[in-house]
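start.cif (mmCIF, C-alpha atoms (C1' of nucleotides)) appears below.
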data_model
loop_
_atom_site.label_atom_id
_atom_site.label_comp_id
_atom_site.auth_asym_id
_atom_site.auth_seq_id
_atom_site.Cartn_x
_atom_site.Cartn_y
_atom_site.Cartn_z
CA MET A 1 -28.46 -8.59 -22.03
CA THR A 2 -28.50 -5.53 -19.83
CA ALA A 3 -27.72 -7.35 -16.64
CA GLY A 4 -24.58 -8.80 -18.19
CA LYS A 5 -23.07 -5.40 -18.88
CA ARG A 6 -22.77 -4.57 -15.26
CA GLU A 7 -20.76 -7.71 -14.83
CA VAL A 8 -18.53 -6.91 -17.79
CA ILE A 9 -17.84 -3.41 -16.52
CA VAL A 10 -17.00 -4.68 -13.06
CA ARG A 11 -14.65 -7.26 -14.48
CA ALA A 12 -12.84 -4.77 -16.69
CA ALA A 13 -12.59 -2.15 -13.97
CA THR A 14 -11.32 -4.68 -11.46
CA GLU A 15 -8.52 -5.72 -13.71
CA LEU A 16 -7.51 -2.14 -14.48
CA PHE A 17 -7.70 -0.96 -10.88
CA LEU A 18 -5.62 -3.88 -9.70
CA ARG A 19 -3.00 -3.34 -12.36
CA GLN A 20 -2.77 0.44 -12.48
CA GLY A 21 -4.31 1.76 -9.33
CA TYR A 22 -7.36 3.93 -8.82
CA GLN A 23 -6.16 7.28 -10.03
CA ALA A 24 -4.17 5.99 -12.94
CA THR A 25 -7.24 4.26 -14.32
CA SER A 26 -9.60 6.50 -16.23
CA THR A 27 -13.27 5.90 -16.75
CA GLU A 28 -12.52 6.05 -20.45
CA GLN A 29 -10.16 3.10 -20.15
CA ILE A 30 -12.73 1.18 -18.19
CA ALA A 31 -15.41 1.83 -20.79
CA ALA A 32 -13.07 0.82 -23.59
CA ALA A 33 -11.96 -2.36 -21.86
CA ALA A 34 -15.57 -3.29 -21.21
CA ALA A 35 -16.52 -2.37 -24.78
CA VAL A 36 -19.23 0.02 -23.68
CA SER A 37 -19.48 3.77 -23.66
CA LYS A 38 -18.57 5.95 -20.73
CA GLN A 39 -22.17 6.92 -20.36
CA THR A 40 -23.13 3.34 -19.67
CA VAL A 41 -20.56 3.16 -16.93
CA TYR A 42 -21.91 6.32 -15.36
CA SER A 43 -25.53 5.31 -15.65
CA ARG A 44 -24.82 2.05 -13.80
CA PHE A 45 -22.48 3.21 -11.10
CA GLY A 46 -23.03 6.91 -10.68
CA ASP A 47 -19.39 7.83 -10.46
CA LYS A 48 -15.90 6.43 -10.33
CA GLU A 49 -15.73 6.33 -6.55
CA SER A 50 -18.85 4.23 -6.22
CA LEU A 51 -17.56 1.81 -8.79
CA PHE A 52 -14.33 1.51 -6.83
CA ARG A 53 -16.10 0.87 -3.55
CA GLU A 54 -18.30 -1.79 -5.03
CA ILE A 55 -15.40 -3.57 -6.64
CA VAL A 56 -13.13 -3.67 -3.61
CA LEU A 57 -15.83 -4.88 -1.29
CA GLY A 58 -17.00 -7.40 -3.84
CA VAL A 59 -13.57 -8.91 -4.20
CA ALA A 60 -13.08 -8.88 -0.46
CA ALA A 61 -16.03 -11.24 -0.20
CA THR A 62 -13.75 -13.96 -1.55
CA ALA A 63 -11.73 -13.70 1.62
CA GLU A 64 -14.77 -14.36 3.75
CA ALA A 65 -15.23 -17.64 1.93
CA PHE A 66 -11.62 -18.49 2.59
CA ALA A 67 -12.01 -17.77 6.30
CA ALA A 68 -15.00 -20.08 6.42
CA ASP A 69 -12.90 -22.68 4.70
CA LEU A 70 -10.17 -22.43 7.31
CA THR A 71 -12.69 -22.65 10.09
CA ALA A 72 -14.07 -25.81 8.59
CA SER A 73 -10.70 -27.46 8.28
CA LEU A 74 -9.94 -26.78 11.94
CA ALA A 75 -13.39 -27.89 12.99
CA ASP A 76 -12.78 -31.23 11.34
CA VAL A 77 -10.07 -32.12 13.77
CA SER A 78 -11.44 -34.63 16.18
CA GLU A 79 -10.11 -35.76 19.49
CA ALA A 80 -6.88 -37.69 19.83
CA ARG A 81 -5.65 -36.61 16.46
CA ASP A 82 -2.30 -35.03 15.87
CA VAL A 83 -2.75 -31.41 14.95
CA ALA A 84 0.67 -30.88 13.39
CA PRO A 85 -0.13 -32.19 9.91
CA VAL A 86 -3.43 -30.32 9.93
CA LEU A 87 -1.67 -27.08 10.77
CA ARG A 88 0.98 -27.68 8.17
CA ALA A 89 -1.60 -28.15 5.45
CA LEU A 90 -3.52 -25.13 6.65
CA ALA A 91 -0.39 -22.99 6.71
CA ARG A 92 0.38 -23.97 3.13
CA ARG A 93 -3.05 -23.02 1.89
CA TYR A 94 -3.01 -19.80 3.86
CA LEU A 95 0.34 -18.67 2.54
CA ALA A 96 -0.47 -19.64 -1.03
CA ALA A 97 -3.78 -17.80 -0.87
CA VAL A 98 -2.28 -14.59 0.46
CA MET A 99 0.62 -14.65 -1.98
CA ASP A 100 -1.69 -14.94 -4.94
CA PRO A 101 -0.80 -12.04 -7.26
CA GLN A 102 -4.38 -10.84 -7.39
CA VAL A 103 -4.68 -10.81 -3.64
CA LEU A 104 -1.42 -8.92 -3.28
CA ALA A 105 -2.52 -6.43 -5.90
CA LEU A 106 -5.77 -5.85 -4.05
CA ARG A 107 -3.89 -5.25 -0.84
CA ARG A 108 -1.63 -2.74 -2.56
CA LEU A 109 -4.61 -1.00 -4.07
CA VAL A 110 -6.52 -0.71 -0.81
CA ILE A 111 -3.48 0.36 1.19
CA GLY A 112 -2.48 2.93 -1.39
CA GLU A 113 -5.94 4.46 -1.41
CA ALA A 114 -6.47 4.20 2.34
CA ALA A 115 -6.14 7.95 2.75
CA ARG A 116 -8.79 8.70 0.14
CA PHE A 117 -11.08 5.81 1.07
CA PRO A 118 -10.66 5.14 4.76
CA GLU A 119 -13.97 3.33 5.09
CA VAL A 120 -13.06 1.03 2.24
CA ALA A 121 -9.71 0.24 3.85
CA ALA A 122 -11.33 -0.41 7.20
CA ALA A 123 -14.05 -2.56 5.68
CA TYR A 124 -11.52 -4.54 3.69
CA TYR A 125 -9.45 -5.15 6.77
CA GLU A 126 -12.42 -6.38 8.75
CA ARG A 127 -13.65 -8.69 6.05
CA SER A 128 -10.37 -10.11 5.00
CA PRO A 129 -7.32 -10.27 7.27
CA ALA A 130 -9.25 -9.79 10.48
CA MET A 131 -11.82 -12.40 9.56
CA VAL A 132 -9.17 -15.01 8.91
CA LEU A 133 -7.42 -14.19 12.17
CA ALA A 134 -10.68 -14.52 14.03
CA ALA A 135 -11.36 -17.86 12.38
CA LEU A 136 -7.93 -19.08 13.43
CA ALA A 137 -8.48 -17.90 16.98
CA ASP A 138 -11.78 -19.76 17.16
CA GLY A 139 -10.19 -22.88 15.78
CA PHE A 140 -7.32 -22.76 18.23
CA ALA A 141 -9.68 -22.22 21.13
CA ARG A 142 -11.58 -25.29 20.06
CA LEU A 143 -8.43 -27.37 19.78
CA ALA A 144 -7.41 -26.17 23.20
CA GLY A 145 -10.77 -27.31 24.52
CA LEU A 146 -10.10 -30.75 23.10
CA GLY A 147 -6.74 -30.81 24.80
CA LEU A 148 -4.88 -30.93 21.51
CA LEU A 149 -3.19 -27.59 21.98
CA THR A 150 -2.17 -25.60 25.01
CA VAL A 151 -3.09 -22.05 24.29
CA ASP A 152 -3.38 -19.29 26.77
CA ASP A 153 -4.80 -16.57 24.60
CA PRO A 154 -6.29 -17.89 21.36
CA ARG A 155 -6.28 -14.53 19.71
CA ARG A 156 -2.63 -13.99 20.35
CA ALA A 157 -1.87 -17.52 19.24
CA ALA A 158 -3.69 -16.81 15.99
CA ASP A 159 -1.63 -13.66 15.43
CA ASP A 160 1.60 -15.52 16.14
CA PHE A 161 0.67 -18.33 13.82
CA ALA A 162 -0.48 -16.05 11.03
CA PHE A 163 2.60 -13.88 10.97
CA LEU A 164 5.05 -16.70 11.46
CA VAL A 165 3.51 -18.13 8.33
CA LEU A 166 2.97 -14.98 6.28
CA GLY A 167 5.26 -12.35 7.72
CA ARG A 168 8.29 -12.10 5.58
CA SER A 169 6.68 -13.33 2.38
CA LEU A 170 3.83 -10.89 2.63
CA ASP A 171 6.06 -7.97 3.50
CA HIS A 172 8.27 -8.77 0.57
CA GLY A 173 5.31 -9.30 -1.72
CA MET A 174 3.92 -5.87 -0.94
CA PHE A 175 6.97 -4.21 -2.47
CA HIS A 176 8.06 -6.53 -5.23
CA LEU A 177 5.45 -6.85 -7.91
CA PRO A 178 7.05 -8.95 -10.60
CA ALA A 179 6.01 -12.47 -9.84
CA THR A 180 7.26 -12.85 -6.33
CA THR A 181 4.92 -15.80 -6.22
CA PRO A 182 6.75 -18.40 -4.16
CA SER A 183 7.20 -21.91 -5.47
CA ASP A 184 5.41 -24.83 -3.85
CA ALA A 185 8.68 -25.86 -2.29
CA GLN A 186 9.21 -22.45 -0.73
CA ILE A 187 5.68 -22.38 0.53
CA GLY A 188 6.11 -25.81 2.05
CA ALA A 189 9.37 -24.94 3.75
CA THR A 190 8.05 -21.69 5.18
CA ALA A 191 4.83 -23.27 6.35
CA ASP A 192 6.58 -26.20 8.03
CA HIS A 193 9.04 -23.96 9.80
CA ALA A 194 6.25 -21.72 11.03
CA VAL A 195 4.31 -24.67 12.41
CA ASP A 196 7.42 -26.02 14.10
CA VAL A 197 8.02 -22.74 15.88
CA PHE A 198 4.37 -22.35 16.69
CA LEU A 199 3.93 -25.78 18.18
CA GLY A 200 7.22 -25.53 19.99
CA CYS A 201 5.81 -22.60 21.93
CA ALA A 202 2.07 -22.87 21.85
CA ALA A 203 2.38 -25.55 24.53
CA ARG A 204 4.06 -23.16 26.90
CA MET A 205 2.76 -19.67 26.45
CA MET B 1 19.37 31.51 0.15
CA THR B 2 19.08 29.41 -2.96
CA ALA B 3 20.28 26.21 -1.34
CA GLY B 4 17.57 26.49 1.29
CA LYS B 5 14.77 26.42 -1.23
CA ARG B 6 15.54 22.92 -2.29
CA GLU B 7 15.17 21.87 1.32
CA VAL B 8 11.91 23.75 1.72
CA ILE B 9 10.45 22.18 -1.41
CA VAL B 10 11.47 18.70 -0.32
CA ARG B 11 9.94 19.21 3.08
CA ALA B 12 6.65 20.50 1.69
CA ALA B 13 6.44 17.79 -0.95
CA THR B 14 7.23 15.08 1.56
CA GLU B 15 4.41 16.14 3.79
CA LEU B 16 1.93 16.35 0.93
CA PHE B 17 2.93 13.05 -0.64
CA LEU B 18 2.70 11.26 2.68
CA ARG B 19 -0.68 12.72 3.44
CA GLN B 20 -2.37 12.62 0.04
CA GLY B 21 -0.40 10.24 -2.11
CA TYR B 22 1.53 10.84 -5.28
CA GLN B 23 -1.19 11.40 -7.82
CA ALA B 24 -3.46 13.39 -5.57
CA THR B 25 -0.68 15.87 -4.92
CA SER B 26 -0.20 18.46 -7.63
CA THR B 27 2.95 20.38 -8.34
CA GLU B 28 0.92 23.50 -7.76
CA GLN B 29 0.12 22.40 -4.22
CA ILE B 30 3.76 21.64 -3.60
CA ALA B 31 4.84 25.04 -4.88
CA ALA B 32 2.22 26.79 -2.79
CA ALA B 33 3.13 24.87 0.37
CA ALA B 34 6.78 25.66 -0.17
CA ALA B 35 5.93 29.28 -0.96
CA VAL B 36 7.74 29.22 -4.27
CA SER B 37 6.52 29.17 -7.83
CA LYS B 38 5.96 26.05 -9.85
CA GLN B 39 8.78 27.02 -12.11
CA THR B 40 11.22 26.87 -9.23
CA VAL B 41 10.11 23.37 -8.43
CA TYR B 42 10.62 22.29 -12.03
CA SER B 43 13.98 23.97 -12.39
CA ARG B 44 15.28 22.11 -9.32
CA PHE B 45 13.85 18.70 -9.83
CA GLY B 46 13.09 18.38 -13.51
CA ASP B 47 9.74 16.75 -13.06
CA LYS B 48 7.34 15.38 -10.52
CA GLU B 49 8.59 11.83 -10.79
CA SER B 50 12.17 12.77 -10.01
CA LEU B 51 11.05 14.74 -7.02
CA PHE B 52 9.12 11.73 -5.80
CA ARG B 53 12.06 9.38 -6.22
CA GLU B 54 14.40 11.69 -4.40
CA ILE B 55 12.02 12.12 -1.50
CA VAL B 56 11.23 8.48 -0.92
CA LEU B 57 14.82 7.41 -1.06
CA GLY B 58 15.84 10.30 1.14
CA VAL B 59 13.37 9.39 3.83
CA ALA B 60 14.30 5.73 3.54
CA ALA B 61 17.81 6.70 4.61
CA THR B 62 16.42 7.16 8.11
CA ALA B 63 15.76 3.45 8.23
CA GLU B 64 19.36 2.68 7.48
CA ALA B 65 20.36 4.63 10.55
CA PHE B 66 17.85 2.67 12.58
CA ALA B 67 19.25 -0.63 11.33
CA ALA B 68 22.72 0.47 12.36
CA ASP B 69 21.32 1.36 15.74
CA LEU B 70 19.84 -2.11 16.21
CA THR B 71 23.08 -3.71 15.15
CA ALA B 72 24.91 -1.68 17.74
CA SER B 73 22.57 -2.63 20.53
CA LEU B 74 22.97 -6.31 19.75
CA ALA B 75 26.72 -5.93 19.39
CA ASP B 76 26.88 -4.53 22.91
CA VAL B 77 25.80 -7.77 24.44
CA SER B 78 28.80 -9.42 25.97
CA GLU B 79 29.27 -12.94 27.12
CA ALA B 80 27.41 -14.40 30.05
CA ARG B 81 24.73 -11.79 29.91
CA ASP B 82 21.08 -12.58 29.73
CA VAL B 83 19.74 -11.69 26.31
CA ALA B 84 16.06 -11.57 27.24
CA PRO B 85 15.98 -8.01 28.56
CA VAL B 86 18.06 -6.83 25.63
CA LEU B 87 15.65 -8.38 23.18
CA ARG B 88 12.68 -6.96 25.01
CA ALA B 89 14.08 -3.46 24.83
CA LEU B 90 14.98 -3.94 21.19
CA ALA B 91 11.53 -5.25 20.34
CA ARG B 92 9.96 -2.21 21.94
CA ARG B 93 12.06 0.21 19.97
CA TYR B 94 11.50 -1.72 16.77
CA LEU B 95 7.74 -1.82 17.11
CA ALA B 96 7.50 1.81 18.13
CA ALA B 97 9.66 2.86 15.20
CA VAL B 98 7.65 0.96 12.63
CA MET B 99 4.33 2.10 14.03
CA ASP B 100 5.31 5.74 13.80
CA PRO B 101 2.60 7.43 11.71
CA GLN B 102 5.14 8.89 9.31
CA VAL B 103 6.74 5.53 8.73
CA LEU B 104 3.38 3.89 8.14
CA ALA B 105 2.42 6.66 5.73
CA LEU B 106 5.63 6.17 3.79
CA ARG B 107 4.99 2.46 3.55
CA ARG B 108 1.49 3.10 2.26
CA LEU B 109 2.80 5.57 -0.27
CA VAL B 110 5.50 3.28 -1.60
CA ILE B 111 3.24 0.24 -1.71
CA GLY B 112 0.49 2.15 -3.44
CA GLU B 113 2.84 3.43 -6.11
CA ALA B 114 4.75 0.18 -6.48
CA ALA B 115 3.20 -0.47 -9.88
CA ARG B 116 4.21 2.92 -11.24
CA PHE B 117 7.61 3.04 -9.50
CA PRO B 118 8.84 -0.51 -9.16
CA GLU B 119 12.47 0.51 -8.73
CA VAL B 120 11.52 2.89 -5.95
CA ALA B 121 9.57 0.16 -4.18
CA ALA B 122 12.41 -2.31 -4.56
CA ALA B 123 14.98 0.22 -3.38
CA TYR B 124 12.87 1.15 -0.40
CA TYR B 125 12.45 -2.46 0.57
CA GLU B 126 16.16 -3.11 0.39
CA ARG B 127 17.10 -0.07 2.39
CA SER B 128 14.46 -0.29 5.02
CA PRO B 129 12.78 -3.55 6.01
CA ALA B 130 15.40 -5.80 4.48
CA MET B 131 18.24 -3.89 6.05
CA VAL B 132 16.76 -4.21 9.51
CA LEU B 133 16.14 -7.91 9.01
CA ALA B 134 19.72 -8.38 7.91
CA ALA B 135 20.97 -6.48 10.94
CA LEU B 136 18.90 -8.72 13.20
CA ALA B 137 20.21 -11.84 11.49
CA ASP B 138 23.79 -10.68 11.99
CA GLY B 139 23.13 -9.90 15.62
CA PHE B 140 21.53 -13.28 16.27
CA ALA B 141 24.38 -15.06 14.56
CA ARG B 142 26.78 -13.24 16.82
CA LEU B 143 24.79 -14.11 19.93
CA ALA B 144 24.71 -17.70 18.80
CA GLY B 145 28.48 -17.61 18.48
CA LEU B 146 28.71 -16.43 22.06
CA GLY B 147 26.49 -19.30 23.14
CA LEU B 148 23.77 -16.95 24.32
CA LEU B 149 21.24 -18.14 21.79
CA THR B 150 20.70 -21.39 19.96
CA VAL B 151 19.87 -20.49 16.43
CA ASP B 152 19.96 -22.78 13.49
CA ASP B 153 19.35 -20.32 10.71
CA PRO B 154 19.93 -16.70 11.78
CA ARG B 155 18.05 -15.29 8.86
CA ARG B 156 14.98 -17.30 9.62
CA ALA B 157 15.28 -16.45 13.28
CA ALA B 158 15.36 -12.77 12.34
CA ASP B 159 12.20 -13.16 10.25
CA ASP B 160 10.44 -14.98 13.06
CA PHE B 161 11.45 -12.39 15.59
CA ALA B 162 10.54 -9.44 13.40
CA PHE B 163 7.07 -10.64 12.51
CA LEU B 164 6.25 -11.93 15.96
CA VAL B 165 6.96 -8.39 17.09
CA LEU B 166 5.47 -6.40 14.22
CA GLY B 167 3.05 -8.70 12.45
CA ARG B 168 -0.41 -7.89 13.58
CA SER B 169 0.27 -4.27 14.49
CA LEU B 170 1.85 -3.50 11.17
CA ASP B 171 -0.84 -5.24 9.19
CA HIS B 172 -3.48 -3.36 11.09
CA GLY B 173 -1.60 -0.11 10.76
CA MET B 174 -1.46 -0.39 6.99
CA PHE B 175 -5.24 -0.21 6.76
CA HIS B 176 -6.30 2.01 9.63
CA LEU B 177 -4.96 5.50 9.28
CA PRO B 178 -6.52 7.41 12.14
CA ALA B 179 -4.06 7.20 14.96
CA THR B 180 -3.60 3.50 15.29
CA THR B 181 -0.46 4.42 17.15
CA PRO B 182 -0.25 1.90 19.98
CA SER B 183 0.24 3.06 23.53
CA ASP B 184 3.45 2.35 25.39
CA ALA B 185 1.63 -0.31 27.35
CA GLN B 186 0.45 -2.06 24.21
CA ILE B 187 3.89 -1.88 22.71
CA GLY B 188 5.38 -3.34 25.85
CA ALA B 189 2.90 -6.19 26.03
CA THR B 190 3.30 -7.10 22.39
CA ALA B 191 7.08 -6.91 22.54
CA ASP B 192 7.30 -9.03 25.69
CA HIS B 193 5.02 -11.68 24.31
CA ALA B 194 6.98 -11.83 21.07
CA VAL B 195 10.24 -12.26 22.94
CA ASP B 196 8.76 -14.97 25.13
CA VAL B 197 7.63 -16.93 22.09
CA PHE B 198 10.88 -16.31 20.30
CA LEU B 199 13.10 -17.40 23.16
CA GLY B 200 10.86 -20.34 23.89
CA CYS B 201 11.65 -21.69 20.47
CA ALA B 202 14.95 -20.21 19.42
CA ALA B 203 16.61 -22.73 21.70
CA ARG B 204 15.15 -25.62 19.79
CA MET B 205 14.76 -24.79 16.15
"C1'" DG C 1 17.06 32.30 -10.63
"C1'" DT C 2 12.55 33.46 -9.89
"C1'" DC C 3 8.10 34.89 -10.98
"C1'" DT C 4 3.49 35.34 -13.98
"C1'" DA C 5 1.08 33.62 -17.61
"C1'" DT C 6 -0.18 30.16 -20.59
"C1'" DA C 7 0.08 26.23 -23.68
"C1'" DG C 8 -1.55 21.71 -24.26
"C1'" DC C 9 -3.93 17.94 -22.86
"C1'" DA C 10 -6.55 14.48 -20.24
"C1'" DG C 11 -9.89 13.37 -16.97
"C1'" DG C 12 -14.65 13.13 -14.87
"C1'" DA C 13 -19.04 13.93 -15.82
"C1'" DT C 14 -23.24 15.32 -18.78
"C1'" DA C 15 -26.48 16.53 -22.91
"C1'" DG C 16 -29.04 15.03 -26.57
"C1'" DA C 17 -29.98 11.88 -30.49
"C1'" DC C 18 -31.75 7.32 -31.27
"C1'" DG D 1 -30.63 2.13 -22.18
"C1'" DT D 2 -27.03 3.08 -25.13
"C1'" DC D 3 -24.15 5.71 -27.99
"C1'" DT D 4 -21.48 10.09 -29.81
"C1'" DA D 5 -20.09 14.46 -28.92
"C1'" DT D 6 -18.94 17.92 -25.73
"C1'" DC D 7 -18.19 20.86 -21.47
"C1'" DC D 8 -15.22 22.22 -17.99
"C1'" DT D 9 -11.91 21.80 -14.75
"C1'" DG D 10 -7.31 20.91 -13.31
"C1'" DC D 11 -3.09 18.96 -14.28
"C1'" DT D 12 2.02 18.85 -15.98
"C1'" DA D 13 5.17 21.38 -18.07
"C1'" DT D 14 7.14 25.49 -20.54
"C1'" DA D 15 7.84 30.39 -22.43
"C1'" DG D 16 9.10 34.83 -21.54
"C1'" DA D 17 9.60 39.02 -18.55
"C1'" DC D 18 12.50 40.73 -14.83
#
Could you write out this file's structure as structure tokens?
Amino acid sequence: MTAGKREVIVRAATELFLRQGYQATSTEQIAAAAAVSKQTVYSRFGDKESLFREIVLGVAATAEAFAADLTASLADVSEARDVAPVLRALARRYLAAVMDPQVLALRRLVIGEAARFPEVAAAYYERSPAMVLAALADGFARLAGLGLLTVDDPRRAADDFAFLVLGRSLDHGMFHLPATTPSDAQIGATADHAVDVFLGCAARM
Amino acid sequence: MTAGKREVIVRAATELFLRQGYQATSTEQIAAAAAVSKQTVYSRFGDKESLFREIVLGVAATAEAFAADLTASLADVSEARDVAPVLRALARRYLAAVMDPQVLALRRLVIGEAARFPEVAAAYYERSPAMVLAALADGFARLAGLGLLTVDDPRRAADDFAFLVLGRSLDHGMFHLPATTPSDAQIGATADHAVDVFLGCAARM
DNA sequence: GTCTATAGCAGGATAGAC
DNA sequence: GTCTATCCTGCTATAGAC
């Protein structure tokens, strides 16, 4: 079961990094949490930095799946269908996904270490927030092509939509750790309001 | 010149913390940069954590001044005046202020250390982003009272405005250190677009 | 009050037995 | 491949001279 150990170490290190940060987590803690020796950690990953890089980029892959998911849900919209309910549902999922405590913790971790690991921060940004924004832009462009939405600049529309939905909650969530997780009702209210504002203007800008 | 040393230490520590982060900055580096001995640092501030707290909250005070500034500029608007140009100017200043490299670095620092210093993160949030949002909400409520703006919920309007203006730039700025400072032209374009969207909907929501 | 020197300890990384 | 034991560096914080 030598392949399994790698997995165990990654899992333990991920949890510790997310909870304590990079520097505050020692390789000794990681080894202990994974129930292996330090040497095993080093023989698999070389050093602490490499382990960190692998973990962050591995977790970021989840976001790519989410972006694909969003793309699919916008691609499902066929002609002559009202987009409002689709956008409302999408906004709910989007906000809930980003406000997930693990996702917020990962953002904090990457942002906090951005000075030490600029390539990691850049790669994370490209694979996660930027990918979702691009998926939204594509979806909006498609809807515009179907005549369901009047959008001048799809990319800008995607930005507007995203930050109307996420803005305040995400900003708040970055600073307040202890379970700022919004309730379903809050998510619904925020998402609906964002879609109202978005649709009220998307037809004009 | 014993009062001056405190100032010198704070200045040196601020610069190092912003550039390298809390953990990566040693008290030895701080002492060296301030051209004093470690002992002097410890005798003034007790320990590294206290120094950190004092610095973050001190710098955050700048934001309070900025919030007051925004309040004033919205309070200047008298009846029968067009609010659009006022909002455009305000949006420009707001975006430029938040995208200042020092401000971004402080945000990164506080967010990255939020797990270790939750009270610092909470205090920073209250004094900086939240204070500006509250000032905007007050201003919008006042404009609504004058009949210059139709706003249902001033607080929500403030959130919408703020993140239409800042959203994408701020998110991007959190992850990309090297001079993501937007040009004046970019700031202007983003600010104008945000105000267009905002005014296009503020009259209906 | 300020410096030099140092205690005391923890962290990353490696050596060597099995 | 895995463990135990260890090296060495660098950190926070303090003691003691001036």
(request) Determine the residue membership of the PyMOL selection byres ((chain A) within 9 of (chain D)) for the file above and supply it as a ChimeraX atom specification. (result) /A:2,36-37,39-40,43
(request) Measure the distance from atom CA of Val110 of chain A to atom CA of Leu166 of chain A in Å and round it to one decimal. (result)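 If I compute the distance from atom CA of Val110 of chain A to atom CA of Leu166 of chain A, I get 18.5 Å.
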(request) Up to 9 Å from chain C, what residues of chain A turn up? Count only C-alpha atoms (C1' of nucleotides) and give them as an NGL selection string. (result) :A and (26-28 or 39 or 42 or 47-48)
So that all listed atoms of segment 7-12 of chain D fit with 6 Å spare on each side, what axis-aligned box centre and edge lengths in Å, to one decimal, would you give as lines of an AutoDock Vina configuration file?
center_x = -8.1
center_y = 20.5
center_z = -17.4
size_x = 32.2
size_y = 15.4
size_z = 20.2
Sorted by chain and rising residue number, which residues of chain A lie within 6 Å of chain B, and what are their closest atom pairs and distances in Å to one decimal, counting all atoms listed in the file, as a tab-separated table?
residue	atom	partner	partner_atom	distance
A:Arg108	CA	B:Gly112	CA	5.4
A:Ile111	CA	B:Arg108	CA	5.8
A:Gly112	CA	B:Gly112	CA	3.7
A:Ala121	CA	B:Phe175	CA	5.4
A:Asp160	CA	B:Leu164	CA	5.9
A:Phe163	CA	B:Gly167	CA	5.4
A:Leu164	CA	B:Asp160	CA	5.9
A:Gly167	CA	B:Phe163	CA	5.4
A:Phe175	CA	B:Ala121	CA	5.4
A:Val197	CA	B:Cys201	CA	5.9
A:Gly200	CA	B:Cys201	CA	5.9
A:Cys201	CA	B:Gly200	CA	5.9
Find the residues near Leu146 of chain B: any atom within 10 Å, counting all atoms listed in the file, skip ones fewer than 5 places away on the same chain, and give them as an mmCIF file with C-alpha atoms, in the coordinates of the input.
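Ended up saving to part_30.cif:
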data_model
loop_
_atom_site.group_PDB
_atom_site.id
_atom_site.type_symbol
_atom_site.label_atom_id
_atom_site.label_comp_id
_atom_site.auth_asym_id
_atom_site.auth_seq_id
_atom_site.Cartn_x
_atom_site.Cartn_y
_atom_site.Cartn_z
ATOM 1 C CA VAL B 77 25.800 -7.770 24.440
ATOM 2 C CA SER B 78 28.800 -9.420 25.970
ATOM 3 C CA GLU B 79 29.270 -12.940 27.120
ATOM 4 C CA ALA B 80 27.410 -14.400 30.050
ATOM 5 C CA ARG B 81 24.730 -11.790 29.910
ATOM 6 C CA PHE B 140 21.530 -13.280 16.270
ATOM 7 C CA ALA B 141 24.380 -15.060 14.560
#
(request) Select, from A:Ala12, A:Ala65, A:Leu90, A:Val59, the residue with the minimum atom-to-atom distance to Gln102 of chain A, counting only C-alpha atoms. (result)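 That would be A:Val59, the residue with the smallest distance to Gln102 of chain A.
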Emit a file covering chain C of the preceding structure with C-alpha atoms (C1' of nucleotides), as a compact mmCIF listing (two decimals), in the first residue's frame.
# COMPACT_ATOMS: atom_id res chain seq x y z
C1' DG C 1 17.26 53.10 27.51
C1' DT C 2 20.17 50.88 24.54
C1' DC C 3 23.40 47.63 23.09
C1' DT C 4 25.91 42.73 22.80
C1' DA C 5 25.55 38.16 23.79
C1' DT C 6 23.09 34.17 24.55
C1' DA C 7 19.58 31.01 26.17
C1' DG C 8 16.21 27.91 24.62
C1' DC C 9 13.72 25.81 21.26
C1' DA C 10 11.56 24.44 16.89
C1' DG C 11 11.80 23.80 12.13
C1' DG C 12 13.48 21.76 7.64
C1' DA C 13 16.10 18.42 5.97
C1' DT C 14 19.28 14.15 6.11
C1' DA C 15 21.95 9.74 7.67
C1' DG C 16 21.86 5.14 8.64
C1' DA C 17 19.60 0.89 10.39
C1' DC C 18 16.26 -2.44 8.90
